[in-house]
>>> print(open('target14.cif').read())   # mmCIF, C-alpha atoms and all ligand atoms
data_run
#
loop_
_atom_site.group_PDB
_atom_site.id
_atom_site.type_symbol
_atom_site.label_atom_id
_atom_site.label_comp_id
_atom_site.auth_asym_id
_atom_site.auth_seq_id
_atom_site.Cartn_x
_atom_site.Cartn_y
_atom_site.Cartn_z
ATOM 1 C CA MET A 26 175.260 255.381 -23.192
ATOM 2 C CA TYR A 27 172.280 257.290 -21.896
ATOM 3 C CA PHE A 28 169.826 254.899 -23.554
ATOM 4 C CA GLY A 29 171.858 251.924 -22.367
ATOM 5 C CA LYS A 30 171.382 253.050 -18.811
ATOM 6 C CA ILE A 31 167.669 253.534 -19.261
ATOM 7 C CA SER A 32 167.084 250.103 -20.750
ATOM 8 C CA LYS A 33 169.167 248.414 -18.070
ATOM 9 C CA LYS A 34 167.082 250.150 -15.485
ATOM 10 C CA THR A 35 163.913 249.020 -17.279
ATOM 11 C CA ASN A 36 165.154 245.420 -17.369
ATOM 12 C CA ASP A 37 165.781 245.537 -13.644
ATOM 13 C CA ARG A 38 162.140 246.404 -13.300
ATOM 14 C CA VAL A 39 160.812 243.517 -15.369
ATOM 15 C CA PRO A 40 160.534 240.172 -13.554
ATOM 16 C CA PRO A 41 161.729 236.994 -15.299
ATOM 17 C CA ASN A 42 159.734 235.814 -18.329
ATOM 18 C CA GLN A 43 157.522 238.896 -18.459
ATOM 19 C CA ASN A 44 157.037 241.121 -21.515
ATOM 20 C CA VAL A 45 156.375 244.821 -21.233
ATOM 21 C CA THR A 46 153.167 246.020 -22.836
ATOM 22 C CA THR A 47 151.862 249.520 -23.387
ATOM 23 C CA THR A 48 148.302 248.245 -23.799
ATOM 24 C CA PHE A 49 146.128 247.537 -20.789
ATOM 25 C CA PRO A 50 144.775 243.993 -21.065
ATOM 26 C CA VAL A 51 141.553 243.092 -19.255
ATOM 27 C CA LEU A 52 141.591 239.772 -17.400
ATOM 28 C CA HIS A 53 139.141 238.210 -15.014
ATOM 29 C CA HIS A 54 136.835 235.343 -14.297
ATOM 30 C CA GLY A 55 133.086 235.994 -14.343
ATOM 31 C CA ASN A 56 131.039 239.013 -15.311
ATOM 32 C CA VAL A 57 131.781 242.722 -15.265
ATOM 33 C CA PRO A 58 129.400 244.539 -12.922
ATOM 34 C CA TYR A 59 128.037 247.785 -14.369
ATOM 35 C CA TYR A 60 126.965 250.109 -11.588
ATOM 36 C CA LYS A 61 124.360 252.622 -12.590
ATOM 37 C CA ASN A 62 124.262 254.081 -9.130
ATOM 38 C CA LEU A 63 126.965 254.066 -6.472
ATOM 39 C CA ASN A 64 124.247 253.885 -3.818
ATOM 40 C CA GLU A 65 124.202 250.173 -4.641
ATOM 41 C CA TRP A 66 127.835 249.869 -3.620
ATOM 42 C CA THR A 67 129.453 249.594 -0.168
ATOM 43 C CA LEU A 68 132.779 248.361 1.170
ATOM 44 C CA ARG A 69 132.634 246.220 4.290
ATOM 45 C CA LEU A 70 135.536 245.634 6.683
ATOM 46 C CA PHE A 71 134.979 242.528 8.767
ATOM 47 C CA GLY A 72 136.545 239.525 10.470
ATOM 48 C CA GLU A 73 138.959 240.011 13.357
ATOM 49 C CA VAL A 74 138.023 243.617 14.017
ATOM 50 C CA LYS A 75 136.581 245.204 17.133
ATOM 51 C CA ASN A 76 133.795 246.823 15.148
ATOM 52 C CA GLU A 77 132.774 245.945 11.624
ATOM 53 C CA ALA A 78 132.619 248.925 9.308
ATOM 54 C CA ILE A 79 130.644 249.617 6.169
ATOM 55 C CA PHE A 80 131.707 252.494 3.946
ATOM 56 C CA THR A 81 129.716 254.104 1.216
ATOM 57 C CA PHE A 82 131.748 255.334 -1.722
ATOM 58 C CA SER A 83 131.489 258.954 -0.608
ATOM 59 C CA GLU A 84 132.555 258.052 2.932
ATOM 60 C CA LEU A 85 135.642 256.361 1.496
ATOM 61 C CA MET A 86 136.430 259.474 -0.494
ATOM 62 C CA THR A 87 136.705 261.454 2.747
ATOM 63 C CA LEU A 88 139.737 259.330 3.753
ATOM 64 C CA PRO A 89 143.195 260.677 2.827
ATOM 65 C CA GLN A 90 143.782 260.328 -0.916
ATOM 66 C CA THR A 91 147.063 259.316 -2.504
ATOM 67 C CA GLU A 92 148.459 258.886 -5.994
ATOM 68 C CA TYR A 93 150.895 256.047 -6.610
ATOM 69 C CA GLN A 94 153.039 255.151 -9.591
ATOM 70 C CA ASN A 95 154.125 251.554 -9.912
ATOM 71 C CA ASP A 96 154.663 248.582 -12.236
ATOM 72 C CA ILE A 97 152.184 245.730 -12.515
ATOM 73 C CA HIS A 98 152.898 242.139 -13.478
ATOM 74 C CA CYS A 99 150.280 239.665 -14.690
ATOM 75 C CA VAL A 100 150.958 235.960 -14.307
ATOM 76 C CA THR A 101 150.000 235.423 -17.963
ATOM 77 C CA GLY A 102 153.228 237.206 -18.898
ATOM 78 C CA TRP A 103 152.586 240.905 -19.384
ATOM 79 C CA SER A 104 154.003 243.696 -17.302
ATOM 80 C CA LYS A 105 152.993 247.318 -17.506
ATOM 81 C CA LEU A 106 155.418 249.958 -16.248
ATOM 82 C CA ASP A 107 154.652 253.301 -14.651
ATOM 83 C CA THR A 108 150.959 252.835 -14.053
ATOM 84 C CA THR A 109 149.368 255.661 -12.080
ATOM 85 C CA TRP A 110 146.637 254.894 -9.585
ATOM 86 C CA SER A 111 144.838 257.070 -7.124
ATOM 87 C CA GLY A 112 142.897 256.039 -4.123
ATOM 88 C CA ILE A 113 143.290 255.258 -0.474
ATOM 89 C CA SER A 114 146.412 253.635 0.926
ATOM 90 C CA THR A 115 145.733 250.424 2.804
ATOM 91 C CA ARG A 116 147.419 252.111 5.762
ATOM 92 C CA ALA A 117 144.754 254.804 5.746
ATOM 93 C CA VAL A 118 142.123 252.065 5.673
ATOM 94 C CA LEU A 119 143.792 250.356 8.625
ATOM 95 C CA ASN A 120 143.547 253.591 10.585
ATOM 96 C CA THR A 121 139.767 253.247 10.490
ATOM 97 C CA VAL A 122 139.578 249.834 12.183
ATOM 98 C CA GLU A 123 140.724 248.345 15.429
ATOM 99 C CA LEU A 124 142.114 244.897 14.704
ATOM 100 C CA LEU A 125 141.862 242.077 17.204
ATOM 101 C CA GLU A 126 144.988 240.157 18.086
ATOM 102 C CA GLY A 127 146.451 237.593 15.759
ATOM 103 C CA VAL A 128 145.440 238.940 12.343
ATOM 104 C CA GLU A 129 147.853 237.443 9.822
ATOM 105 C CA HIS A 130 145.839 237.284 6.623
ATOM 106 C CA VAL A 131 143.649 239.546 4.554
ATOM 107 C CA ILE A 132 141.042 238.320 2.118
ATOM 108 C CA PHE A 133 139.680 240.556 -0.612
ATOM 109 C CA HIS A 134 136.073 239.774 -1.457
ATOM 110 C CA ALA A 135 134.793 240.930 -4.817
ATOM 111 C CA GLU A 136 131.522 240.681 -6.743
ATOM 112 C CA GLU A 137 130.183 237.201 -7.514
ATOM 113 C CA GLY A 138 132.000 235.624 -4.574
ATOM 114 C CA TRP A 139 135.446 236.014 -6.176
ATOM 115 C CA SER A 140 138.242 236.371 -3.616
ATOM 116 C CA ALA A 141 142.016 236.641 -3.233
ATOM 117 C CA ASN A 142 144.143 236.185 -0.130
ATOM 118 C CA ILE A 143 147.333 237.970 0.887
ATOM 119 C CA PRO A 144 149.363 238.039 4.088
ATOM 120 C CA PHE A 145 148.491 240.946 6.370
ATOM 121 C CA GLU A 146 152.042 242.254 6.040
ATOM 122 C CA ASP A 147 151.606 242.598 2.279
ATOM 123 C CA PHE A 148 148.262 244.315 2.692
ATOM 124 C CA ALA A 149 149.837 246.830 5.079
ATOM 125 C CA LYS A 150 152.846 247.484 2.821
ATOM 126 C CA GLU A 151 153.261 251.156 1.981
ATOM 127 C CA THR A 152 152.803 250.511 -1.761
ATOM 128 C CA SER A 153 149.444 248.729 -1.342
ATOM 129 C CA LEU A 154 146.300 250.672 -2.095
ATOM 130 C CA LEU A 155 142.626 250.654 -2.894
ATOM 131 C CA ALA A 156 142.323 252.475 -6.187
ATOM 132 C CA HIS A 157 139.346 254.265 -7.658
ATOM 133 C CA SER A 158 141.209 255.938 -10.531
ATOM 134 C CA PHE A 159 143.740 255.037 -13.192
ATOM 135 C CA ASN A 160 145.724 257.820 -14.915
ATOM 136 C CA GLY A 161 143.613 260.387 -13.121
ATOM 137 C CA VAL A 162 140.216 259.193 -14.291
ATOM 138 C CA PRO A 163 137.776 256.800 -12.587
ATOM 139 C CA LEU A 164 138.385 253.113 -13.306
ATOM 140 C CA THR A 165 136.466 251.728 -16.237
ATOM 141 C CA ALA A 166 133.962 248.984 -15.427
ATOM 142 C CA GLU A 167 136.313 246.386 -16.979
ATOM 143 C CA HIS A 168 139.238 247.455 -14.796
ATOM 144 C CA GLY A 169 137.311 247.347 -11.533
ATOM 145 C CA TYR A 170 135.000 250.350 -11.103
ATOM 146 C CA PRO A 171 134.343 251.682 -8.545
ATOM 147 C CA LEU A 172 137.184 250.289 -6.402
ATOM 148 C CA ARG A 173 139.914 247.697 -6.745
ATOM 149 C CA ALA A 174 142.939 246.588 -4.789
ATOM 150 C CA VAL A 175 146.368 247.359 -6.267
ATOM 151 C CA ILE A 176 149.107 245.227 -4.720
ATOM 152 C CA PRO A 177 151.908 245.879 -7.198
ATOM 153 C CA HIS A 178 154.617 243.725 -5.612
ATOM 154 C CA LEU A 179 152.602 240.528 -6.210
ATOM 155 C CA TYR A 180 151.242 239.098 -9.467
ATOM 156 C CA PHE A 181 148.269 241.150 -10.502
ATOM 157 C CA TRP A 182 145.640 238.479 -9.812
ATOM 158 C CA LYS A 183 145.893 239.463 -6.136
ATOM 159 C CA SER A 184 144.645 242.942 -7.085
ATOM 160 C CA ALA A 185 140.930 242.291 -6.728
ATOM 161 C CA LYS A 186 138.658 244.298 -9.001
ATOM 162 C CA TRP A 187 135.093 245.223 -7.936
ATOM 163 C CA LEU A 188 136.073 245.038 -4.298
ATOM 164 C CA ARG A 189 133.167 244.728 -1.860
ATOM 165 C CA ALA A 190 134.734 243.574 1.402
ATOM 166 C CA ILE A 191 138.033 243.174 3.192
ATOM 167 C CA GLU A 192 138.287 240.389 5.726
ATOM 168 C CA PHE A 193 140.938 240.339 8.448
ATOM 169 C CA SER A 194 141.682 236.785 9.519
ATOM 170 C CA LYS A 195 143.865 234.685 11.771
ATOM 171 C CA ASN A 196 143.724 231.865 9.238
ATOM 172 C CA ASP A 197 144.637 231.874 5.587
ATOM 173 C CA LYS A 198 141.750 231.381 3.154
ATOM 174 C CA PRO A 199 142.929 230.693 -0.396
ATOM 175 C CA GLY A 200 140.874 232.611 -2.941
ATOM 176 C CA PHE A 201 139.481 231.822 -6.369
ATOM 177 C CA TRP A 202 142.719 231.412 -8.320
ATOM 178 C CA GLU A 203 144.676 230.083 -5.355
ATOM 179 C CA LYS A 204 142.155 227.229 -5.051
ATOM 180 C CA ASN A 205 142.511 226.638 -8.778
ATOM 181 C CA GLY A 206 146.236 226.004 -8.820
ATOM 182 C CA TYR A 207 147.769 229.445 -8.628
ATOM 183 C CA HIS A 208 150.540 229.978 -6.116
ATOM 184 C CA ASN A 209 149.344 231.051 -2.694
ATOM 185 C CA TYR A 210 151.682 234.069 -2.552
ATOM 186 C CA GLY A 211 152.604 235.048 -6.122
ATOM 187 C CA ASN A 212 155.958 236.832 -5.986
ATOM 188 C CA PRO A 213 156.741 237.772 -9.629
ATOM 189 C CA TRP A 214 160.480 238.024 -8.932
ATOM 190 C CA LYS A 215 160.526 234.366 -7.864
ATOM 191 C CA GLU A 216 158.049 233.363 -10.576
ATOM 192 C CA GLU A 217 155.604 231.962 -8.067
ATOM 193 C CA ARG A 218 152.996 231.360 -10.763
ATOM 194 C CA PHE A 219 151.243 228.014 -10.474
ATOM 195 C CA THR A 220 151.484 225.112 -8.076
ATOM 196 C CA TRP A 221 151.349 222.556 -10.891
ATOM 197 C CA ASP A 222 154.742 223.630 -12.320
HETATM 198 N N1 LIG B 1 137.123 240.490 -8.940
HETATM 199 C C1 LIG B 1 138.132 240.039 -9.682
HETATM 200 N N2 LIG B 1 139.301 240.689 -9.633
HETATM 201 C C2 LIG B 1 140.339 240.267 -10.382
HETATM 202 C C3 LIG B 1 140.218 239.139 -11.213
HETATM 203 C C4 LIG B 1 138.967 238.449 -11.241
HETATM 204 O O1 LIG B 1 138.784 237.431 -11.925
HETATM 205 N N3 LIG B 1 137.949 238.959 -10.475
HETATM 206 N N4 LIG B 1 141.289 238.721 -11.970
HETATM 207 C C5 LIG B 1 142.618 239.158 -11.545
HETATM 208 C C6 LIG B 1 143.598 238.964 -12.581
HETATM 209 S S1 LIG B 1 143.964 237.344 -12.967
HETATM 210 C C7 LIG B 1 144.275 239.989 -13.153
HETATM 211 S S2 LIG B 1 145.603 239.728 -14.178
HETATM 212 C C8 LIG B 1 143.886 241.403 -12.925
HETATM 213 C C9 LIG B 1 143.655 242.085 -14.242
HETATM 214 O O2 LIG B 1 143.297 243.419 -14.051
HETATM 215 P P1 LIG B 1 142.949 244.285 -15.323
HETATM 216 O O3 LIG B 1 141.819 243.578 -16.036
HETATM 217 O O4 LIG B 1 142.573 245.633 -14.812
HETATM 218 O O5 LIG B 1 144.186 244.315 -16.181
HETATM 219 O O6 LIG B 1 142.702 241.490 -12.151
HETATM 220 C C10 LIG B 1 142.657 240.603 -11.066
HETATM 221 N N5 LIG B 1 141.507 240.948 -10.300
HETATM 222 MO MO MO B 2 145.912 237.367 -14.227
#
>>> encode(input="target14.cif", output="structure tokens", more="lines below")
Ligand SMILES: Nc1nc2c(c(=O)[nH]1)N[C@H]1C(S)=C(S)[C@@H](COP(=O)(O)O)O[C@H]1N2
Ligand SMILES: [Mo]
Amino acid sequence: MYFGKISKKTNDRVPPNQNVTTTFPVLHHGNVPYYKNLNEWTLRLFGEVKNEAIFTFSELMTLPQTEYQNDIHCVTGWSKLDTTWSGISTRAVLNTVELLEGVEHVIFHAEEGWSANIPFEDFAKETSLLAHSFNGVPLTAEHGYPLRAVIPHLYFWKSAKWLRAIEFSKNDKPGFWEKNGYHNYGNPWKEERFTWD
């Protein structure tokens, strides 16, 4: 009976047509950047903001740090439960900028011009974060070192690896996968996978 309860609870956590994996697959388009020196890296906040901001990695590390545990769901069909990330909550990031009126969308800009769009509301959700560590150790290059978005309530393609800028916008700007047929929002519970099916 005890195990029955546990597995029911687990099933409630797995969106339709997803399979739980204990591995950690690596998925992306383009090349993995290998930073030798974090002096080469900055994070820019721009768009509908009163003042643009550019953070070095060490400046970001002075912001309040949080550890989050959540489940992630990739559109290709794997889900990974109880992943532990540490970093800066998007709310803490928002405390550093003064937004202009009418911001409704956020666009993550990564290396090589890759991008992903999410509604502002989803960016500001309390479970959304910018992660620098997974399971207590810095991200590997393949998983997004030095900083990636983690937006666990949407399919994992929204969770930009190798994040370099965050744009606040009045208008929506579909990103790399969204322009290539992925759903614009990507709710795993509604199976918002592709626009061609
Ligand atoms: N910069 C960048 N971030 C990206 C991608 C990408 O192609 N480029 N792919 C996304 C996709 S499709 C997935 S499923 C996840 C995979 O993250 P992982 O490799 O850490 O599992 O990263 C997302 N973030
Ligand atoms: Mo993906």
>>> residues_near_ligand(input="target14.cif", ligand="ligand LIG 1 (chain B)", cutoff="7 Å", atoms="all atoms listed in the file", output="number ranges by chain")
A: 49-55, 99-100, 135-136, 139-140, 167-169, 181-188
>>> resolve_selection(input="target14.cif", expression="the PyMOL selection byres (((chain A and resi 60) around 12) and not hetatm)", output="MDAnalysis selection string")
chainID A and resid 57:59 61:67 136 164:167 169:172 187
>>> closest_residue(input="target14.cif", among="A:Thr81, A:Asn42, A:Ser194, A:Thr220", to="His98 (chain A)", atoms="only C-alpha atoms")
A:Asn42
>>> closest_residue(input="target14.cif", among="A:Trp103, A:Phe145, A:Phe133, A:Phe80", to="Arg173 (chain A)", atoms="all atoms listed in the file")
A:Phe133
>>> closest_residue(input="target14.cif", among="A:Ser111, A:Asn142, A:Ser83, A:Gln94", to="Pro199 (chain A)", atoms="all atoms listed in the file")
A:Asn142
>>> residues_around(input="target14.cif", residues="Asn160 (chain A)", least_positions_apart="2", cutoff="8 Å", atoms="only C-alpha atoms", output="list in words")
Thr108, Thr109, Trp110, Ser111, Ser158 and Val162 of chain A
>>> write_last_selection(input="target14.cif", atoms="C-alpha atoms", output="compact mmCIF listing (two decimals), in the frame of the given file")
# COMPACT_ATOMS: atom_id res chain seq x y z
CA THR A 108 150.96 252.84 -14.05
CA THR A 109 149.37 255.66 -12.08
CA TRP A 110 146.64 254.89 -9.59
CA SER A 111 144.84 257.07 -7.12
CA SER A 158 141.21 255.94 -10.53
CA VAL A 162 140.22 259.19 -14.29
>>> atom_distance(input="target14.cif", atom1="CA of Gly112 (chain A)", atom2="CA of Asn196 (chain A)")
27.6 Å
>>> atom_distance(input="target14.cif", atom1="CA of Leu124 (chain A)", atom2="CA of Phe193 (chain A)")
7.8 Å
>>> closest_residue(input="target14.cif", among="A:Arg218, A:His134, A:His178, A:Arg69", to="ligand MO 2 (chain B)", atoms="all atoms listed in the file")
A:Arg218
>>> closest_residue(input="target14.cif", among="A:Asn209, A:Gly161, A:Thr46, A:Asp37", to="Gly102 (chain A)", atoms="only C-alpha atoms")
A:Thr46
>>> decode(input="target14.cif", residues="region 100-114 of chain A", atoms="N, CA and C atoms", output="CSV table (one decimal), in the first residue's frame")
chain,number,residue,atom,x,y,z
A,100,VAL,N,10.4,17.7,-24.6
A,100,VAL,CA,9.4,17.4,-25.6
A,100,VAL,C,9.7,16.1,-26.3
A,101,THR,N,10.9,15.7,-26.3
A,101,THR,CA,11.2,14.4,-27.0
A,101,THR,C,10.8,13.2,-26.2
A,102,GLY,N,10.2,13.4,-25.0
A,102,GLY,CA,9.6,12.3,-24.3
A,102,GLY,C,10.2,11.9,-23.0
A,103,TRP,N,11.3,12.5,-22.6
A,103,TRP,CA,11.8,12.1,-21.3
A,103,TRP,C,11.5,13.1,-20.2
A,104,SER,N,11.3,12.6,-19.0
A,104,SER,CA,11.1,13.5,-17.9
A,104,SER,C,12.1,13.0,-16.8
A,105,LYS,N,12.6,14.0,-16.0
A,105,LYS,CA,13.5,13.6,-15.0
A,105,LYS,C,13.0,14.3,-13.7
A,106,LEU,N,12.8,13.4,-12.7
A,106,LEU,CA,12.1,13.9,-11.4
A,106,LEU,C,13.2,14.3,-10.4
A,107,ASP,N,12.8,15.2,-9.6
A,107,ASP,CA,13.6,15.6,-8.4
A,107,ASP,C,15.0,16.1,-8.9
A,108,THR,N,15.1,17.0,-9.8
A,108,THR,CA,16.4,17.6,-10.2
A,108,THR,C,16.6,18.8,-9.3
A,109,THR,N,17.9,18.9,-8.9
A,109,THR,CA,18.2,20.0,-7.9
A,109,THR,C,19.1,21.0,-8.6
A,110,TRP,N,18.6,22.2,-8.6
A,110,TRP,CA,19.4,23.3,-9.3
A,110,TRP,C,19.6,24.4,-8.2
A,111,SER,N,20.8,25.1,-8.4
A,111,SER,CA,20.9,26.3,-7.6
A,111,SER,C,21.3,27.4,-8.5
A,112,GLY,N,20.9,28.6,-8.0
A,112,GLY,CA,21.1,29.8,-8.8
A,112,GLY,C,20.4,30.9,-8.2
A,113,ILE,N,19.9,31.8,-9.1
A,113,ILE,CA,19.3,33.0,-8.8
A,113,ILE,C,17.8,33.0,-9.3
A,114,SER,N,16.9,33.2,-8.4
A,114,SER,CA,15.5,33.2,-8.8
A,114,SER,C,15.2,34.3,-9.8
